[in-house]
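The next block holds one structure in the form of structure tokens; read it before the comments.
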Amino acid sequence: MKVIRTIEELRVEIRHRRSTVSGPVGLIPTMGFLHEGHGSLMQRARGMTGTVVLSIFVNPIQFGPGEDFETYPRDEKRDLAVAESKGVDIVFIPEVQEMYPQPIKTKVAVSELTSLLCGASRPGHFDGVTTVVNKLFNIVKPDFAFFGMKDAQQVAVLEQMVRDLNMDVTIVPCPIVREEDGLALSSRNVYLNAEEREQALVLSRSLNIALEQLENGVTATAGEVRRLLTEVISGAPMAKIDYAEVLTFPELMPIDNEARLAETGNDCILALAVRFGKTRLIDNALFQTKEGNPHV
């Protein structure tokens, strides 16, 4: 496994591997502090490509004022051990100065899909995500790029960007990986104290209850699902809801409260963002109304 820290060295290595190693190139963009959710992306990439590139870069332009850029958990030595154990070929770990040698004046922005959910409470966040992913795509020129569905809005935004700009890369969405008790794996879980972590289980519990009631016909409309999610989450005293929403997916279009989800003609996402203390967690689940959804 090679560890590379400059763009030029990475480009040289990618060109070399394309001429000597059979199979496509896969890219897994991350901010590090790797967990088994990231591990599942590496395993998927290893099975689909000849060269697996993992980037580790805490991207400053996707953090807003007062967010946790400076304190975001970092552990390079551990990350490298995890990457090597999963068969990664190249780990790209640039400094901020390498990615942004001067103040950036050009950004890639996807409209509409970024104005709700996390985009509503984190203005500018997705512009930072799409810009840095665009830079990584231009540097690596991957055939496939792997992203976890825990950040489902991010997946939808990046798929829109790739379609709109005719990028020669395929986004591969990968399922959410959870702890045994249901908590979705996240690098930010380390911020939770014991009580907050226990109460955070209400996220997956609320999603499971809502899906079960939808599948059994107990609830049917978007409004009923929104109310159910809010009621279950509000039962955790430490939970402060940012949003508990139901939208079409991947279009991320609003659904009227009275609309029956099974009759929308679209798959739907039940999406949550909830704070426990200073930690903001997201989670989601898809309610399928169509066969063959690549996001599941």
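Chain labels follow the order of the structure tokens: the first chain is A, the next B, and so on; residue numbering restarts at 1 in every chain, and ligands are counted from 1 in their shown order.
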
### Message
With DSSP run on the backbone, what are the strand (DSSP E) residues within region 45-219 of chain A? I'd like them as an MDAnalysis selection string.
### Response
chainID A and resid 51:56 90:92 144:148 170:174

Write out as a Markdown table the residues of region 75-154 of chain A that have any atom within 8 Å of an atom of region 169-175 of chain A, one row each with the nearest atom pair and its distance in Å to one decimal, counting only C-alpha atoms, sorted by chain and then rising number.
```
| residue | atom | partner | partner_atom | distance |
| --- | --- | --- | --- | --- |
| A:Lys141 | CA | A:Val169 | CA | 7.7 |
| A:Pro142 | CA | A:Val169 | CA | 6.2 |
| A:Asp143 | CA | A:Val169 | CA | 4.8 |
| A:Phe144 | CA | A:Thr170 | CA | 4.8 |
| A:Ala145 | CA | A:Ile171 | CA | 5.0 |
| A:Phe146 | CA | A:Val172 | CA | 4.8 |
| A:Phe147 | CA | A:Pro173 | CA | 5.2 |
| A:Gly148 | CA | A:Cys174 | CA | 4.8 |
| A:Met149 | CA | A:Pro175 | CA | 5.4 |
| A:Lys150 | CA | A:Pro175 | CA | 7.5 |
```

Since we have the selection now, will you write its residues out, keeping all heavy atoms, as a PDB file, in the first residue's frame?
```pdb
ATOM      1  N   LYS A 141      -9.400  10.609 -11.528  1.00  0.00           N
ATOM      2  CA  LYS A 141     -10.137  10.126 -12.703  1.00  0.00           C
ATOM      3  C   LYS A 141     -10.617   8.676 -12.497  1.00  0.00           C
ATOM      4  O   LYS A 141     -10.327   7.786 -13.296  1.00  0.00           O
ATOM      5  CB  LYS A 141      -9.284  10.234 -13.970  1.00  0.00           C
ATOM      6  CG  LYS A 141      -8.856  11.662 -14.292  1.00  0.00           C
ATOM      7  CD  LYS A 141      -8.242  11.760 -15.641  1.00  0.00           C
ATOM      8  CE  LYS A 141      -7.690  13.131 -15.969  1.00  0.00           C
ATOM      9  NZ  LYS A 141      -8.398  14.286 -15.446  1.00  0.00           N
ATOM     10  N   PRO A 142     -11.361   8.442 -11.420  1.00  0.00           N
ATOM     11  CA  PRO A 142     -11.801   7.078 -11.115  1.00  0.00           C
ATOM     12  C   PRO A 142     -12.903   6.616 -12.059  1.00  0.00           C
ATOM     13  O   PRO A 142     -13.642   7.427 -12.636  1.00  0.00           O
ATOM     14  CB  PRO A 142     -12.336   7.200  -9.688  1.00  0.00           C
ATOM     15  CG  PRO A 142     -12.861   8.606  -9.623  1.00  0.00           C
ATOM     16  CD  PRO A 142     -11.900   9.427 -10.451  1.00  0.00           C
ATOM     17  N   ASP A 143     -13.029   5.312 -12.201  1.00  0.00           N
ATOM     18  CA  ASP A 143     -14.147   4.737 -12.933  1.00  0.00           C
ATOM     19  C   ASP A 143     -15.364   4.605 -12.027  1.00  0.00           C
ATOM     20  O   ASP A 143     -16.501   4.735 -12.470  1.00  0.00           O
ATOM     21  CB  ASP A 143     -13.750   3.362 -13.479  1.00  0.00           C
ATOM     22  CG  ASP A 143     -12.549   3.447 -14.406  1.00  0.00           C
ATOM     23  OD1 ASP A 143     -12.715   3.927 -15.535  1.00  0.00           O
ATOM     24  OD2 ASP A 143     -11.439   3.066 -13.982  1.00  0.00           O
ATOM     25  N   PHE A 144     -15.098   4.314 -10.751  1.00  0.00           N
ATOM     26  CA  PHE A 144     -16.161   4.164  -9.752  1.00  0.00           C
ATOM     27  C   PHE A 144     -15.782   4.965  -8.506  1.00  0.00           C
ATOM     28  O   PHE A 144     -14.607   5.051  -8.138  1.00  0.00           O
ATOM     29  CB  PHE A 144     -16.348   2.697  -9.357  1.00  0.00           C
ATOM     30  CG  PHE A 144     -16.759   1.798 -10.483  1.00  0.00           C
ATOM     31  CD1 PHE A 144     -15.815   1.039 -11.156  1.00  0.00           C
ATOM     32  CD2 PHE A 144     -18.084   1.704 -10.871  1.00  0.00           C
ATOM     33  CE1 PHE A 144     -16.176   0.209 -12.200  1.00  0.00           C
ATOM     34  CE2 PHE A 144     -18.469   0.875 -11.914  1.00  0.00           C
ATOM     35  CZ  PHE A 144     -17.508   0.123 -12.581  1.00  0.00           C
ATOM     36  N   ALA A 145     -16.788   5.546  -7.844  1.00  0.00           N
ATOM     37  CA  ALA A 145     -16.577   6.230  -6.570  1.00  0.00           C
ATOM     38  C   ALA A 145     -17.607   5.709  -5.581  1.00  0.00           C
ATOM     39  O   ALA A 145     -18.798   5.604  -5.911  1.00  0.00           O
ATOM     40  CB  ALA A 145     -16.708   7.740  -6.728  1.00  0.00           C
ATOM     41  N   PHE A 146     -17.158   5.376  -4.385  1.00  0.00           N
ATOM     42  CA  PHE A 146     -17.973   4.652  -3.411  1.00  0.00           C
ATOM     43  C   PHE A 146     -18.340   5.567  -2.235  1.00  0.00           C
ATOM     44  O   PHE A 146     -17.463   6.188  -1.626  1.00  0.00           O
ATOM     45  CB  PHE A 146     -17.196   3.430  -2.908  1.00  0.00           C
ATOM     46  CG  PHE A 146     -16.844   2.456  -4.006  1.00  0.00           C
ATOM     47  CD1 PHE A 146     -15.739   2.674  -4.823  1.00  0.00           C
ATOM     48  CD2 PHE A 146     -17.642   1.349  -4.250  1.00  0.00           C
ATOM     49  CE1 PHE A 146     -15.425   1.789  -5.847  1.00  0.00           C
ATOM     50  CE2 PHE A 146     -17.330   0.466  -5.277  1.00  0.00           C
ATOM     51  CZ  PHE A 146     -16.221   0.683  -6.076  1.00  0.00           C
ATOM     52  N   PHE A 147     -19.644   5.609  -1.930  1.00  0.00           N
ATOM     53  CA  PHE A 147     -20.150   6.457  -0.848  1.00  0.00           C
ATOM     54  C   PHE A 147     -21.196   5.693  -0.044  1.00  0.00           C
ATOM     55  O   PHE A 147     -21.982   4.926  -0.602  1.00  0.00           O
ATOM     56  CB  PHE A 147     -20.787   7.735  -1.408  1.00  0.00           C
ATOM     57  CG  PHE A 147     -19.822   8.639  -2.117  1.00  0.00           C
ATOM     58  CD1 PHE A 147     -19.592   8.492  -3.480  1.00  0.00           C
ATOM     59  CD2 PHE A 147     -19.133   9.621  -1.428  1.00  0.00           C
ATOM     60  CE1 PHE A 147     -18.697   9.322  -4.143  1.00  0.00           C
ATOM     61  CE2 PHE A 147     -18.233  10.452  -2.080  1.00  0.00           C
ATOM     62  CZ  PHE A 147     -18.014  10.302  -3.449  1.00  0.00           C
ATOM     63  N   GLY A 148     -21.210   5.927   1.259  1.00  0.00           N
ATOM     64  CA  GLY A 148     -22.160   5.261   2.139  1.00  0.00           C
ATOM     65  C   GLY A 148     -23.517   5.944   2.140  1.00  0.00           C
ATOM     66  O   GLY A 148     -23.614   7.171   2.061  1.00  0.00           O
ATOM     67  N   MET A 149     -24.564   5.138   2.257  1.00  0.00           N
ATOM     68  CA  MET A 149     -25.924   5.664   2.245  1.00  0.00           C
ATOM     69  C   MET A 149     -26.332   6.309   3.569  1.00  0.00           C
ATOM     70  O   MET A 149     -27.432   6.860   3.668  1.00  0.00           O
ATOM     71  CB  MET A 149     -26.905   4.563   1.869  1.00  0.00           C
ATOM     72  CG  MET A 149     -27.032   4.346   0.366  1.00  0.00           C
ATOM     73  SD  MET A 149     -27.708   5.789  -0.491  1.00  0.00           S
ATOM     74  CE  MET A 149     -29.396   5.767   0.141  1.00  0.00           C
ATOM     75  N   LYS A 150     -25.486   6.257   4.595  1.00  0.00           N
ATOM     76  CA  LYS A 150     -25.824   7.012   5.797  1.00  0.00           C
ATOM     77  C   LYS A 150     -25.944   8.499   5.448  1.00  0.00           C
ATOM     78  O   LYS A 150     -26.798   9.206   5.980  1.00  0.00           O
ATOM     79  CB  LYS A 150     -24.788   6.819   6.906  1.00  0.00           C
ATOM     80  CG  LYS A 150     -25.214   7.486   8.226  1.00  0.00           C
ATOM     81  CD  LYS A 150     -24.216   7.261   9.330  1.00  0.00           C
ATOM     82  CE  LYS A 150     -23.005   8.122   9.148  1.00  0.00           C
ATOM     83  NZ  LYS A 150     -23.329   9.588   9.348  1.00  0.00           N
TER      84      LYS A 150
END
```

Using DSSP on the backbone coordinates, identify all residues within region 27-143 of chain A classified as helix (DSSP H, G or I); present the result as a ChimeraX atom specification. /A:36-48,60-62,76-85,96-99,118-121,125-140

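Of the residues listed (A:Leu41, A:Leu116, A:Ile176, A:Ile7), A:Ile7 shows the shortest atom-to-atom separation from Tyr100 (chain A); distances use only C-alpha atoms.
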
Which residues come within 7 Å of region 219-228 of chain A, counting only C-alpha atoms, excluding same-chain residues fewer than 4 positions away, as a compact mmCIF listing (two decimals) with N, CA, C and O atoms, in the first residue's frame?
```
# COMPACT_ATOMS: atom_id res chain seq x y z
N ALA A 210 -41.36 3.11 12.10
CA ALA A 210 -42.06 3.73 10.97
C ALA A 210 -42.13 2.78 9.78
O ALA A 210 -43.19 2.64 9.14
N GLN A 213 -44.64 -0.01 10.46
CA GLN A 213 -46.03 0.43 10.35
C GLN A 213 -46.43 0.70 8.90
O GLN A 213 -47.57 0.44 8.51
N LEU A 214 -45.48 1.22 8.10
CA LEU A 214 -45.76 1.41 6.69
C LEU A 214 -46.01 0.08 5.99
O LEU A 214 -46.96 -0.08 5.22
N VAL A 232 -41.67 9.44 18.47
CA VAL A 232 -40.75 8.43 19.02
C VAL A 232 -39.44 9.10 19.46
O VAL A 232 -38.94 8.85 20.56
N ALA A 244 -37.04 15.67 10.94
CA ALA A 244 -37.55 14.31 10.77
C ALA A 244 -38.47 14.40 9.56
O ALA A 244 -39.61 14.84 9.66
N GLU A 245 -37.95 14.00 8.41
CA GLU A 245 -38.58 14.34 7.14
C GLU A 245 -38.82 13.11 6.28
O GLU A 245 -38.17 12.08 6.45
N VAL A 246 -39.77 13.25 5.37
CA VAL A 246 -40.05 12.21 4.37
C VAL A 246 -40.05 12.88 3.01
O VAL A 246 -40.79 13.85 2.78
N ILE A 255 -43.10 15.74 -0.11
CA ILE A 255 -44.31 14.92 -0.25
C ILE A 255 -45.39 15.53 0.64
O ILE A 255 -45.16 15.77 1.83
N ASP A 256 -46.55 15.78 0.06
CA ASP A 256 -47.65 16.37 0.82
C ASP A 256 -48.04 15.47 1.99
O ASP A 256 -47.99 14.24 1.90
N ASN A 257 -48.42 16.11 3.08
CA ASN A 257 -48.78 15.36 4.30
C ASN A 257 -49.85 14.30 4.06
O ASN A 257 -49.85 13.25 4.68
N GLU A 258 -50.78 14.59 3.16
CA GLU A 258 -51.90 13.67 2.94
C GLU A 258 -51.58 12.59 1.90
O GLU A 258 -52.39 11.67 1.69
N ALA A 259 -50.42 12.68 1.26
CA ALA A 259 -50.08 11.72 0.21
C ALA A 259 -49.71 10.37 0.81
O ALA A 259 -48.94 10.30 1.78
N ARG A 260 -50.25 9.31 0.25
CA ARG A 260 -49.90 7.95 0.68
C ARG A 260 -48.59 7.55 0.01
O ARG A 260 -48.46 7.60 -1.22
N LEU A 261 -47.62 7.16 0.82
CA LEU A 261 -46.28 6.91 0.28
C LEU A 261 -46.28 5.82 -0.77
O LEU A 261 -45.55 5.90 -1.76
```

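Omitting region 117-121 of chain A and its sequence neighbours fewer than 4 positions away, and counting only C-alpha atoms, the residues within 8 Å are His125, Phe126, Gln153, Asp242, Tyr243, Glu245, Ala271 and Ala273 of chain A.
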
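Comparing the minimum interatomic distances between Pro94 (chain A) and each of A:Leu34, A:Ala109, A:Leu281, A:Leu10, counting only C-alpha atoms, we find that A:Leu10 sits nearest.
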
Point to revise | Distance query Leu165 (chain A) at most 12 Å, only C-alpha atoms, self and fewer than 6 positions along chain excluded, as a list in words | key: Val108, Ala109, Val110, Thr130, Asn134, Leu158 and Glu159 of chain A

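Take the candidates A:Leu229, A:Met238, A:Ala152, A:Ile93 and check each one against Asn284 (chain A) using only C-alpha atoms; the shortest distance goes to A:Ala152.
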
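CA of Thr106 (chain A) to CA of Gly124 (chain A) spans 13.3 Å [interatomic distance, one decimal].
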
Applying 10 Å and only C-alpha atoms, which residues near region 72-76 of chain A remain after dropping the ones on its own chain fewer than 3 positions away? List them as a count of residues only. 19

Between CA of His38 (chain A) and CA of Val133 (chain A) lies a distance of 16.4 Å

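Of the residues listed (A:Val157, A:Ile209, A:Leu113, A:Ala184), A:Leu113 shows the shortest atom-to-atom separation from Met253 (chain A); distances use only C-alpha atoms.
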
(message) List the spatial neighbours of Arg11 (chain A) as a ChimeraX atom specification - criterion: any atom at most 12 Å away, only C-alpha atoms, same-chain residues fewer than 6 positions off excluded.
(response) /A:4-5,17-18,53,90,92,136-142
